[in-house]
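**Student:** Can you read through this structure? Questions will come right after.
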Amino acid sequence: MTQPVLKIEKYSYAYPGSRDAVLKDIQLVINAGECLCITGPTGSGKSTLLLAIKDLLPDGRLSGEILSRKTGQLRGSDIGIVLQNPETQLLANTIGSEIAFGLENRCVSPDRMESRIRGAVSAVGLDFPLDFPVLKLSMGQKYRLIVASILAMSPRILLLDEPGAQLDPPGIQKLKHVISDLKNQGVAVVICEHHPGYFSDIIDIHRVLAEDGTLRPAADTPEIQPMAEHSPPKARELQGNPESLLKAVNLCVTENESLPIWSSANFTIEKGRRVGVYGDNGTGKTTLLRCMTGNITPAKGTISVFGKAPSPKWLRHKIGCLFQNPQKQIFENTVFDEIAFPLKRMGFSRSQAEGEVNRLLRFMEMEHLGSHSPHKLSFGQKHLVVLASALVHHPSLLILDDPFAGLDFRRRKTVQDLLMSVSEEKNMTLIWTGHHLDGLQKHADRVLEVSGGGIASRE
Amino acid sequence: MKSLFNLNRLSLKESLFIGFCAVFIVLLRAGLRLHLGIPGHSMLFTVFFLMLARACVPYRFSASFTGLIAGIMAVVLGLGKGGPLILLKFLPPAIVIDIGAMLIPAWHNRYLFCILIAALAASTKFINTYFVDYLIGMDPTVNLQHAFIGSVSGTLFGMAGSLFVPPIMGKLNAHGIIGRHFGDNPEVRRHGEEKT
């Protein structure tokens with residue numbers, strides 16, 4: 001009979017200062033070599049459950065027990081966790097030192113360290129030298145790095161938060177191989193994922209964390225989702241003769257002033273167009289967006305936005321941006337103030353901004369969070385807040401870096417509908433990135449594929 | 001029986017924060033020796049850091065401890081000419097802030113309460129100035145005037161310093177850096193603690 005490695009009994013938890021419990025009466029048993037997948041709506045408490053298992057939650061109101069930890073069967077270092085936002089877990093400057101950090105803390109001798117580090121790096125498909133700077137990695141590559149650093153520690157339980165949101169299809173395939181191997185070695189794996197279909201062939205147990213904080217058996221087993229469905233975009237007929245809004249000629253961006261990330265990019269985006277930028281982790285999608293917003297100067301070629309070389313000052317009030325890591329954009333004390341900030345900068349009073357902000361809050365189903373701190377929301381909810389903030393002043397150009405990360409299917413659909421209706425009504429140009437060809441792709445007039453050091457445009 | 005100070009309630013990070021506030025009070029007094037010719041301007045930072053320590057650390061003597069540590073540091077470093085009497089510059093306002101915080105819950109979120117407590121705390125400068133001047137034998141009338149001018153000016157600077165507290169506390173709360181319901185909520189159970 002298989003031994004349970006983790007047993008949770010009647011566990012309930014409320015964050016400090018909050019009346020409502022995020023987790024209610026959680027009952028869970030995971031045996032060695034099993035893979036549990038937890039799905040649930042955005043903000044339902046999936047990440048909180050993982051943090052509870054790892055004992056990383058702040059002191060709050062709690063009842064029930066996580067028995068395996070209490071009885072000493074599991075030590076803290078036996079549980080490895082990969083958080084949804086990998087940037088919160090990065091500690092070192094280079095890939096090698098990042099993975100070695102945990103091993104050093106466990107007093108692994110240096111001669112045994114290198115083989116473990118190289119094994120972990122190769123398992124996740126992170127094809128870089130060990131002295132490669134962590135800061136130059138893309139978000140997806142950072143996620144792979146954190147997975148590698150946890151794998152090197154040989155955990156008995158591996159907790160993965162939203163791997164599907166950060167990894168490209170090859171990355172997910174690699175991770176599935178890793179998880180299969182771990183299961184064979186008796187490691188238990190817990191995955192919190194909005195798209196369980198990506199991992200359906202390795203999942204043993206499927207549970208749903210409902211909005212009321214209770215954990216229930218899933219109604220059905222997840223179906224395998226196709227990860228790369230190449231349906232050609234359908235270009236819409238735009239009214240009149242649409243003016244060119246963004247034009248790139250022979251564009252080339254380099255790393256270290258020599259190695260091109262991509263080169264010879266030529267494309268024109270007209271006003272009102274919807275453009276999806278797709279590519280694997282680390283191909284340079286975010287770099288392209290940063291080039292469009294004037295945060296990066298191209299090494300060769302020219303780019304013009306609204307008829308001029310882009311600069312953050314020139315683009316002020318003209319564009320709305322959503323970064324891949326929404327935490328970097330949030331600074332106000334309440335969700336309402338965060339969304340209203342662009343209007344405040346444009347000179348609108350609070351009462352003038354109220355109508356539009358409340359409309360967006362209603363649309364995002366976040367009315368009850370208006371007075372909450374945006375810093376304490378889940379990753380997906382933060383994404384929604386920043387998206388609303390980018391949309392509130394109806395910019396002419398909306399640039400979204402991975403807008404669906406951390407969102408469940410229902411919220412995805414909501415956001416998709418909102419973006420399409422606003423783009424239609426206000427003739428807003430939309431540019432978004434993604435590593436999975438997703439629901440938004442079918443609404444694209446054009447797809448820019450970033451791969452192999454080039455950018456190909458498909459209409 | 002719980003001791004009066006119940007120091008076990010202070011966590012390491014809270015103790016360190018109190019220490020940091022005390023260090024900043026002394027550093028800013030020593031480093032920013034602004035010869036403005038305006039009496040009491042040092043109350044700006046003193047009151048601000050004392051209030052910040054009390055607002056961030058939910059322990060009833062946190063401002064007093066900050067004042068005490070800052071005072072001892074100032075004495076040891078020979079800041080000013082008062083010797084051990086320098087303690088009087090830090091302790092009385094700190095004690096007033098602790099008393100004010102005890103009487104007015106959630107004071108740190110309201111500008112009005114912050115200004116009120118700061119005014120009371122900074123006005124204690126009168127006692128310090130009058131006592132020191134008395135010891136050096138100043139004429140009572142001149143002493144009274146000197147202490148009065150110093151305390152009025154100190155009160156105005158202290159009130160100005162207190163205005164920074166609500167926005168900073170708002171930011172810290174929003175980021176989840178502070179806000180532990182320390183000691184006053186029996187329902188809060190830390191991870192690893194047994195049920196009682």
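Each chain in the structure tokens gets a letter, A, B and so on, in the order shown; residues start at 1 in every chain, and ligands are counted from 1 in the order they appear.
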Give as a PDB file with N, CA and C atoms, in the first residue's frame every residue of chain A that touches chain B within 6 Å, counting only C-alpha atoms.

**Tutor:**
```pdb
ATOM      1  N   ASP A  59       0.898  34.787   9.737  1.00  0.00           N
ATOM      2  CA  ASP A  59       0.076  34.379  10.878  1.00  0.00           C
ATOM      3  C   ASP A  59      -1.343  34.878  10.669  1.00  0.00           C
ATOM      4  N   GLY A  60      -2.268  33.981  10.693  1.00  0.00           N
ATOM      5  CA  GLY A  60      -3.665  34.372  10.503  1.00  0.00           C
ATOM      6  C   GLY A  60      -4.546  33.474  11.330  1.00  0.00           C
ATOM      7  N   ARG A  61      -5.844  33.523  11.067  1.00  0.00           N
ATOM      8  CA  ARG A  61      -6.790  32.677  11.789  1.00  0.00           C
ATOM      9  C   ARG A  61      -6.802  31.326  11.098  1.00  0.00           C
ATOM     10  N   ASN A 333      -2.847  52.456  -3.219  1.00  0.00           N
ATOM     11  CA  ASN A 333      -3.241  51.742  -1.996  1.00  0.00           C
ATOM     12  C   ASN A 333      -4.516  50.927  -2.150  1.00  0.00           C
ATOM     13  N   SER A 373      -6.570  46.375  -1.040  1.00  0.00           N
ATOM     14  CA  SER A 373      -5.225  46.690  -1.530  1.00  0.00           C
ATOM     15  C   SER A 373      -4.936  45.835  -2.755  1.00  0.00           C
ATOM     16  N   HIS A 375      -2.112  45.108  -3.877  1.00  0.00           N
ATOM     17  CA  HIS A 375      -0.878  44.339  -3.640  1.00  0.00           C
ATOM     18  C   HIS A 375      -1.162  42.978  -3.025  1.00  0.00           C
TER      19      HIS A 375
END
```

**Student:** Show which residues sit within 8 Å of Ala101 in chain B, as a PyMOL selection string. Count only C-alpha atoms, and ignore same-chain residues fewer than 4 positions away.

**Tutor:** chain B and resi 54+60+97+105-107

**Student:** Would you save the residues of that selection, restricted to N, CA and C atoms, as a short mmCIF file (atom, residue, chain, number, x, y, z; two decimals), in the first residue's frame?

**Tutor:**
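Saved result, result.cif, follows:
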```cif
data_model
loop_
_atom_site.label_atom_id
_atom_site.label_comp_id
_atom_site.auth_asym_id
_atom_site.auth_seq_id
_atom_site.Cartn_x
_atom_site.Cartn_y
_atom_site.Cartn_z
N ARG B 54 5.86 53.46 16.84
CA ARG B 54 4.65 53.07 17.58
C ARG B 54 3.57 52.54 16.64
N ARG B 60 2.85 48.19 23.28
CA ARG B 60 2.46 49.43 23.95
C ARG B 60 3.62 50.34 24.35
N ILE B 97 3.57 59.77 23.21
CA ILE B 97 3.08 59.07 22.00
C ILE B 97 2.51 57.70 22.38
N PRO B 105 -7.36 54.39 19.47
CA PRO B 105 -7.06 53.30 18.55
C PRO B 105 -7.06 53.79 17.09
N ALA B 106 -6.28 53.16 16.27
CA ALA B 106 -6.16 53.51 14.84
C ALA B 106 -5.83 54.98 14.61
N TRP B 107 -5.11 55.58 15.54
CA TRP B 107 -4.72 56.99 15.44
C TRP B 107 -3.88 57.24 14.20
#
```

**Student:** Just how far from CA of Thr124 in chain B is CA of Ser151 in chain B, in Å to one decimal?

**Tutor:** 7.2 Å

**Student:** Residues at most 7 Å from Ala118 in chain B, counting only C-alpha atoms, excluding those fewer than 4 positions away in the same chain, as a short mmCIF file (atom, residue, chain, number, x, y, z; two decimals) with all heavy atoms, in the first residue's frame?

**Tutor:**
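Output below, filename out.cif:
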```
data_model
loop_
_atom_site.label_atom_id
_atom_site.label_comp_id
_atom_site.auth_asym_id
_atom_site.auth_seq_id
_atom_site.Cartn_x
_atom_site.Cartn_y
_atom_site.Cartn_z
N VAL B 47 9.85 63.24 16.27
CA VAL B 47 8.43 62.86 16.42
C VAL B 47 8.03 61.88 15.31
O VAL B 47 7.34 60.89 15.56
CB VAL B 47 7.53 64.11 16.42
CG1 VAL B 47 6.06 63.74 16.29
CG2 VAL B 47 7.74 64.90 17.70
N CYS B 114 -3.01 62.21 14.55
CA CYS B 114 -1.54 62.27 14.49
C CYS B 114 -1.06 63.65 14.92
O CYS B 114 -0.11 63.77 15.71
CB CYS B 114 -1.06 61.99 13.06
SG CYS B 114 -1.11 60.26 12.64
N ALA B 122 5.47 66.80 21.30
CA ALA B 122 6.53 67.78 21.05
C ALA B 122 6.53 68.89 22.10
O ALA B 122 7.57 69.49 22.38
CB ALA B 122 6.37 68.36 19.65
N GLY B 158 7.09 69.22 15.19
CA GLY B 158 6.59 67.87 15.52
C GLY B 158 5.29 67.58 14.79
O GLY B 158 5.10 66.48 14.26
N MET B 159 4.41 68.58 14.74
CA MET B 159 3.14 68.39 14.03
C MET B 159 3.38 68.16 12.54
O MET B 159 2.73 67.32 11.91
CB MET B 159 2.23 69.62 14.24
CG MET B 159 1.61 69.67 15.64
SD MET B 159 1.09 71.31 16.14
CE MET B 159 -0.35 71.56 15.18
N SER B 162 4.49 64.65 11.98
CA SER B 162 3.42 63.65 12.13
C SER B 162 2.58 63.52 10.86
O SER B 162 1.92 62.51 10.65
CB SER B 162 2.51 64.03 13.30
OG SER B 162 1.68 65.12 12.93
#
```

**Student:** Would you give me, as a list in words, the residues in range 145-179 of chain A that DSSP reads as alpha helix (DSSP H)?

**Tutor:**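 Of range 145-179 of chain A, only Leu145, Ile146, Val147, Ala148, Ser149, Ile150, Leu151, Pro163, Gly164, Ala165, Gln166, Pro169, Pro170, Gly171, Ile172, Gln173, Lys174, Leu175, Lys176, His177, Val178 and Ile179 of chain A fall in alpha helix (DSSP H).
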
**Student:** For those residues, write N, CA and C atoms to a file as an mmCIF file, in the first residue's frame.

**Tutor:**
```cif
data_model
loop_
_atom_site.group_PDB
_atom_site.id
_atom_site.type_symbol
_atom_site.label_atom_id
_atom_site.label_comp_id
_atom_site.auth_asym_id
_atom_site.auth_seq_id
_atom_site.Cartn_x
_atom_site.Cartn_y
_atom_site.Cartn_z
ATOM 1 N N LEU A 145 13.991 28.072 -14.592
ATOM 2 C CA LEU A 145 15.138 28.121 -13.678
ATOM 3 C C LEU A 145 14.709 27.773 -12.249
ATOM 4 N N ILE A 146 13.573 28.317 -11.827
ATOM 5 C CA ILE A 146 13.122 28.025 -10.464
ATOM 6 C C ILE A 146 12.758 26.540 -10.351
ATOM 7 N N VAL A 147 12.132 25.990 -11.390
ATOM 8 C CA VAL A 147 11.824 24.548 -11.367
ATOM 9 C C VAL A 147 13.128 23.765 -11.226
ATOM 10 N N ALA A 148 14.152 24.178 -12.004
ATOM 11 C CA ALA A 148 15.442 23.475 -11.939
ATOM 12 C C ALA A 148 16.054 23.584 -10.550
ATOM 13 N N SER A 149 15.966 24.763 -9.945
ATOM 14 C CA SER A 149 16.595 24.921 -8.623
ATOM 15 C C SER A 149 15.866 24.088 -7.569
ATOM 16 N N ILE A 150 14.567 23.889 -7.756
ATOM 17 C CA ILE A 150 13.833 23.046 -6.807
ATOM 18 C C ILE A 150 14.157 21.573 -7.075
ATOM 19 N N LEU A 151 14.250 21.207 -8.350
ATOM 20 C CA LEU A 151 14.562 19.809 -8.685
ATOM 21 C C LEU A 151 15.916 19.392 -8.127
ATOM 22 N N PRO A 163 2.058 26.451 -13.898
ATOM 23 C CA PRO A 163 3.148 26.280 -14.869
ATOM 24 C C PRO A 163 2.700 26.578 -16.294
ATOM 25 N N GLY A 164 1.430 26.290 -16.596
ATOM 26 C CA GLY A 164 0.919 26.501 -17.949
ATOM 27 C C GLY A 164 0.888 27.965 -18.348
ATOM 28 N N ALA A 165 0.821 28.866 -17.345
ATOM 29 C CA ALA A 165 0.742 30.293 -17.665
ATOM 30 C C ALA A 165 2.089 30.846 -18.083
ATOM 31 N N GLN A 166 3.167 30.244 -17.611
ATOM 32 C CA GLN A 166 4.492 30.802 -17.879
ATOM 33 C C GLN A 166 5.266 30.040 -18.937
ATOM 34 N N PRO A 169 4.761 25.636 -25.155
ATOM 35 C CA PRO A 169 4.480 24.200 -25.358
ATOM 36 C C PRO A 169 5.694 23.285 -25.177
ATOM 37 N N PRO A 170 6.897 23.622 -25.743
ATOM 38 C CA PRO A 170 8.042 22.728 -25.477
ATOM 39 C C PRO A 170 8.385 22.670 -23.985
ATOM 40 N N GLY A 171 8.244 23.791 -23.302
ATOM 41 C CA GLY A 171 8.531 23.844 -21.864
ATOM 42 C C GLY A 171 7.581 22.944 -21.092
ATOM 43 N N ILE A 172 6.313 22.950 -21.491
ATOM 44 C CA ILE A 172 5.322 22.105 -20.810
ATOM 45 C C ILE A 172 5.639 20.630 -21.060
ATOM 46 N N GLN A 173 6.033 20.307 -22.293
ATOM 47 C CA GLN A 173 6.391 18.910 -22.596
ATOM 48 C C GLN A 173 7.556 18.462 -21.714
ATOM 49 N N LYS A 174 8.564 19.321 -21.609
ATOM 50 C CA LYS A 174 9.731 18.997 -20.773
ATOM 51 C C LYS A 174 9.291 18.777 -19.329
ATOM 52 N N LEU A 175 8.438 19.675 -18.853
ATOM 53 C CA LEU A 175 7.986 19.586 -17.464
ATOM 54 C C LEU A 175 7.209 18.297 -17.238
ATOM 55 N N LYS A 176 6.417 17.904 -18.228
ATOM 56 C CA LYS A 176 5.646 16.661 -18.093
ATOM 57 C C LYS A 176 6.583 15.453 -17.960
ATOM 58 N N HIS A 177 7.662 15.461 -18.751
ATOM 59 C CA HIS A 177 8.653 14.367 -18.627
ATOM 60 C C HIS A 177 9.259 14.359 -17.232
ATOM 61 N N VAL A 178 9.589 15.567 -16.757
ATOM 62 C CA VAL A 178 10.198 15.682 -15.423
ATOM 63 C C VAL A 178 9.236 15.135 -14.375
ATOM 64 N N ILE A 179 7.954 15.530 -14.481
ATOM 65 C CA ILE A 179 6.975 15.100 -13.476
ATOM 66 C C ILE A 179 6.783 13.581 -13.535
#
```

**Student:** Quick one: DSSP strand (DSSP E) residues in range 134-331 of chain A, as a JSON list (two decimals) with C-alpha atoms, in the first residue's frame?

**Tutor:**
```json
[["chain", "number", "residue", "atom", "x", "y", "z"],
["A", 157, "ILE", "CA", 6.68, 16.95, -2.66],
["A", 158, "LEU", "CA", 6.80, 19.35, -5.60],
["A", 159, "LEU", "CA", 4.28, 22.21, -5.64],
["A", 160, "LEU", "CA", 3.83, 24.02, -8.96],
["A", 161, "ASP", "CA", 1.75, 27.17, -9.26],
["A", 188, "ALA", "CA", 4.26, 13.62, -4.98],
["A", 189, "VAL", "CA", 3.38, 16.55, -7.25],
["A", 190, "VAL", "CA", 0.71, 19.19, -6.71],
["A", 191, "ILE", "CA", -0.12, 21.44, -9.66],
["A", 192, "CYS", "CA", -2.40, 24.46, -9.46],
["A", 205, "ILE", "CA", -6.29, 13.24, -8.88],
["A", 206, "HIS", "CA", -8.21, 16.30, -9.97],
["A", 207, "ARG", "CA", -9.80, 18.68, -7.45],
["A", 208, "VAL", "CA", -11.54, 22.02, -7.76],
["A", 209, "LEU", "CA", -11.06, 24.79, -5.22],
["A", 215, "LEU", "CA", -11.98, 21.71, -2.08],
["A", 216, "ARG", "CA", -14.23, 19.43, -4.10],
["A", 217, "PRO", "CA", -13.69, 16.52, -6.46],
["A", 244, "SER", "CA", -0.45, 53.53, -40.26],
["A", 245, "LEU", "CA", 0.04, 53.70, -36.50],
["A", 246, "LEU", "CA", 3.20, 51.68, -36.02],
["A", 247, "LYS", "CA", 5.86, 51.02, -38.61],
["A", 248, "ALA", "CA", 9.03, 48.94, -38.24],
["A", 249, "VAL", "CA", 11.64, 48.93, -41.00],
["A", 250, "ASN", "CA", 14.58, 46.55, -40.89],
["A", 251, "LEU", "CA", 14.35, 46.53, -37.12],
["A", 252, "CYS", "CA", 17.08, 44.75, -35.16],
["A", 253, "VAL", "CA", 17.56, 44.53, -31.41],
["A", 254, "THR", "CA", 20.77, 43.10, -30.00],
["A", 255, "GLU", "CA", 21.98, 41.75, -26.71],
["A", 259, "LEU", "CA", 24.23, 39.15, -30.60],
["A", 260, "PRO", "CA", 20.87, 39.95, -32.25],
["A", 261, "ILE", "CA", 17.75, 38.84, -30.35],
["A", 262, "TRP", "CA", 15.96, 39.20, -33.68],
["A", 263, "SER", "CA", 16.71, 41.19, -36.81],
["A", 264, "SER", "CA", 15.29, 42.42, -40.13],
["A", 265, "ALA", "CA", 11.78, 42.87, -38.77],
["A", 266, "ASN", "CA", 9.50, 44.69, -41.18],
["A", 267, "PHE", "CA", 5.85, 45.26, -40.42],
["A", 268, "THR", "CA", 3.22, 47.95, -40.38],
["A", 269, "ILE", "CA", 0.26, 48.07, -38.02],
["A", 270, "GLU", "CA", -2.69, 50.24, -39.01],
["A", 274, "ARG", "CA", -5.57, 43.62, -33.63],
["A", 275, "VAL", "CA", -2.17, 41.97, -33.68],
["A", 276, "GLY", "CA", -1.04, 38.90, -31.74],
["A", 277, "VAL", "CA", 2.68, 38.34, -31.14],
["A", 278, "TYR", "CA", 3.40, 34.66, -30.56],
["A", 300, "LYS", "CA", 19.54, 48.89, -36.47],
["A", 301, "GLY", "CA", 16.52, 49.96, -38.44],
["A", 302, "THR", "CA", 13.76, 52.32, -37.44],
["A", 303, "ILE", "CA", 10.46, 52.11, -35.59],
["A", 304, "SER", "CA", 7.85, 54.83, -35.49],
["A", 305, "VAL", "CA", 4.71, 54.97, -33.36],
["A", 319, "ILE", "CA", -1.01, 54.05, -25.04],
["A", 320, "GLY", "CA", -2.03, 51.64, -22.31],
["A", 321, "CYS", "CA", 0.36, 48.91, -21.19],
["A", 322, "LEU", "CA", 0.07, 45.65, -19.32]]
```

**Student:** Give me, please, the distance in Å between CA of Asn93 in chain A and CA of Leu135 in chain A, quoted to one decimal.

**Tutor:**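 Here the two named atoms are 7.2 Å from each other.
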
**Student:** For Ile26 in chain A, work out the shell of residues within 8 Å, counting only C-alpha atoms and skipping chain neighbours fewer than 6 positions away, then give it as a VMD selection string.

**Tutor:** chain A and resid 8 to 12 214 to 215

**Student:** For the residues in the current selection, export N, CA and C atoms as a compact mmCIF listing (two decimals), in the first residue's frame.

**Tutor:**
```txt
# COMPACT_ATOMS: atom_id res chain seq x y z
N ILE A 8 -3.90 16.45 4.89
CA ILE A 8 -4.45 17.71 5.41
C ILE A 8 -5.83 17.41 5.98
N GLU A 9 -6.07 17.82 7.22
CA GLU A 9 -7.35 17.53 7.86
C GLU A 9 -8.05 18.78 8.31
N LYS A 10 -9.22 18.99 7.76
CA LYS A 10 -10.12 20.11 8.18
C LYS A 10 -9.36 21.42 8.29
N TYR A 11 -8.56 21.73 7.30
CA TYR A 11 -7.72 22.92 7.37
C TYR A 11 -8.49 24.14 6.86
N SER A 12 -8.57 25.16 7.70
CA SER A 12 -9.19 26.43 7.30
C SER A 12 -8.21 27.55 7.61
N THR A 214 -13.76 25.87 -0.46
CA THR A 214 -13.81 24.43 -0.20
C THR A 214 -13.21 23.67 -1.38
N LEU A 215 -12.61 22.54 -1.04
CA LEU A 215 -11.98 21.71 -2.08
C LEU A 215 -12.90 20.56 -2.42
```

**Student:** One decimal, in Å: what's the spacing between CA of Tyr111 in chain B and CA of Ala340 in chain A?

**Tutor:**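 Atom-to-atom, CA of Tyr111 in chain B to CA of Ala340 in chain A, that is 23.6 Å.
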
**Student:** Pick from A:Glu211, A:Glu98, A:Asp201, A:Glu87: nearest to Gln327 in chain A, with only C-alpha atoms counted?

**Tutor:**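 Under the stated criterion, the closest residue is A:Glu87.
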
**Student:** Tell me which protein, DNA and RNA residues are within 10 Å of Phe132 in chain A, counting only C-alpha atoms, leaving out same-chain ones fewer than 5 positions away, and put them as a PyMOL selection string.

**Tutor:** chain A and resi 93-97+137

**Student:** Do you know which residues are at most 7 Å from Ile18 in chain B counting only C-alpha atoms, after dropping those on the same chain fewer than 4 positions away, and could you put them as a list in words?

**Tutor:**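 Contacts, with the query itself left out: Glu14, Ala22, Ala53, Ser62 and Thr66 of chain B.
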
**Student:** Identify, on the basis of only C-alpha atoms, every residue whose closest approach to Gly406 in chain A does not exceed 12 Å; exclude the query and any residue fewer than 5 positions from it along the same chain; express the result as a PDB file with C-alpha atoms, in the first residue's frame.

**Tutor:**
```
ATOM      1  CA  THR A  39      -8.150  24.041 -10.557  1.00  0.00           C
ATOM      2  CA  GLY A  40     -10.489  26.831  -9.576  1.00  0.00           C
ATOM      3  CA  PRO A  41     -11.517  30.364 -10.394  1.00  0.00           C
ATOM      4  CA  THR A  42      -9.039  33.235 -10.289  1.00  0.00           C
ATOM      5  CA  GLY A  43      -8.522  34.342  -6.684  1.00  0.00           C
ATOM      6  CA  SER A  44     -10.150  31.252  -5.150  1.00  0.00           C
ATOM      7  CA  LYS A  46      -5.087  27.915  -4.939  1.00  0.00           C
ATOM      8  CA  SER A  47      -1.778  29.659  -4.306  1.00  0.00           C
ATOM      9  CA  LEU A  83       5.448  30.248  -7.264  1.00  0.00           C
ATOM     10  CA  GLN A  84       3.359  31.742 -10.034  1.00  0.00           C
ATOM     11  CA  ASN A  85       5.586  34.787 -10.331  1.00  0.00           C
ATOM     12  CA  ASP A 161       1.746  27.170  -9.257  1.00  0.00           C
ATOM     13  CA  GLU A 162       0.410  27.863 -12.761  1.00  0.00           C
ATOM     14  CA  PRO A 163       3.148  26.280 -14.869  1.00  0.00           C
ATOM     15  CA  GLY A 164       0.919  26.501 -17.949  1.00  0.00           C
ATOM     16  CA  ALA A 165       0.742  30.293 -17.665  1.00  0.00           C
ATOM     17  CA  GLN A 166       4.492  30.802 -17.879  1.00  0.00           C
ATOM     18  CA  CYS A 192      -2.401  24.463  -9.463  1.00  0.00           C
ATOM     19  CA  GLU A 193      -3.453  25.166 -13.000  1.00  0.00           C
ATOM     20  CA  HIS A 194      -6.230  26.893 -14.911  1.00  0.00           C
ATOM     21  CA  HIS A 195      -5.594  24.611 -17.880  1.00  0.00           C
ATOM     22  CA  GLN A 324       3.903  40.419 -17.906  1.00  0.00           C
ATOM     23  CA  ASN A 325       4.498  40.832 -14.192  1.00  0.00           C
ATOM     24  CA  PRO A 326       1.587  43.032 -13.051  1.00  0.00           C
ATOM     25  CA  LEU A 377      -4.633  40.173  -4.642  1.00  0.00           C
ATOM     26  CA  SER A 378      -3.858  36.992  -6.509  1.00  0.00           C
ATOM     27  CA  PHE A 379      -1.662  37.101  -9.627  1.00  0.00           C
ATOM     28  CA  GLY A 380      -4.673  36.813 -11.928  1.00  0.00           C
ATOM     29  CA  GLN A 381      -6.615  39.501 -10.069  1.00  0.00           C
ATOM     30  CA  LYS A 382      -3.607  41.820 -10.277  1.00  0.00           C
ATOM     31  CA  HIS A 383      -3.580  41.217 -14.020  1.00  0.00           C
ATOM     32  CA  LEU A 384      -7.238  42.258 -14.200  1.00  0.00           C
ATOM     33  CA  ARG A 411     -12.346  35.497 -16.803  1.00  0.00           C
ATOM     34  CA  ARG A 412     -10.427  34.908 -20.028  1.00  0.00           C
TER      35      ARG A 412
END
```

**Student:** Ranking B:Cys21, B:Ile38, B:Pro140, B:Ser64 by minimum distance to Gly100 in chain B and counting only C-alpha atoms, which one comes first?

**Tutor:**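 Of B:Cys21, B:Ile38, B:Pro140, B:Ser64, the one nearest Gly100 in chain B is B:Ser64, counting only C-alpha atoms.
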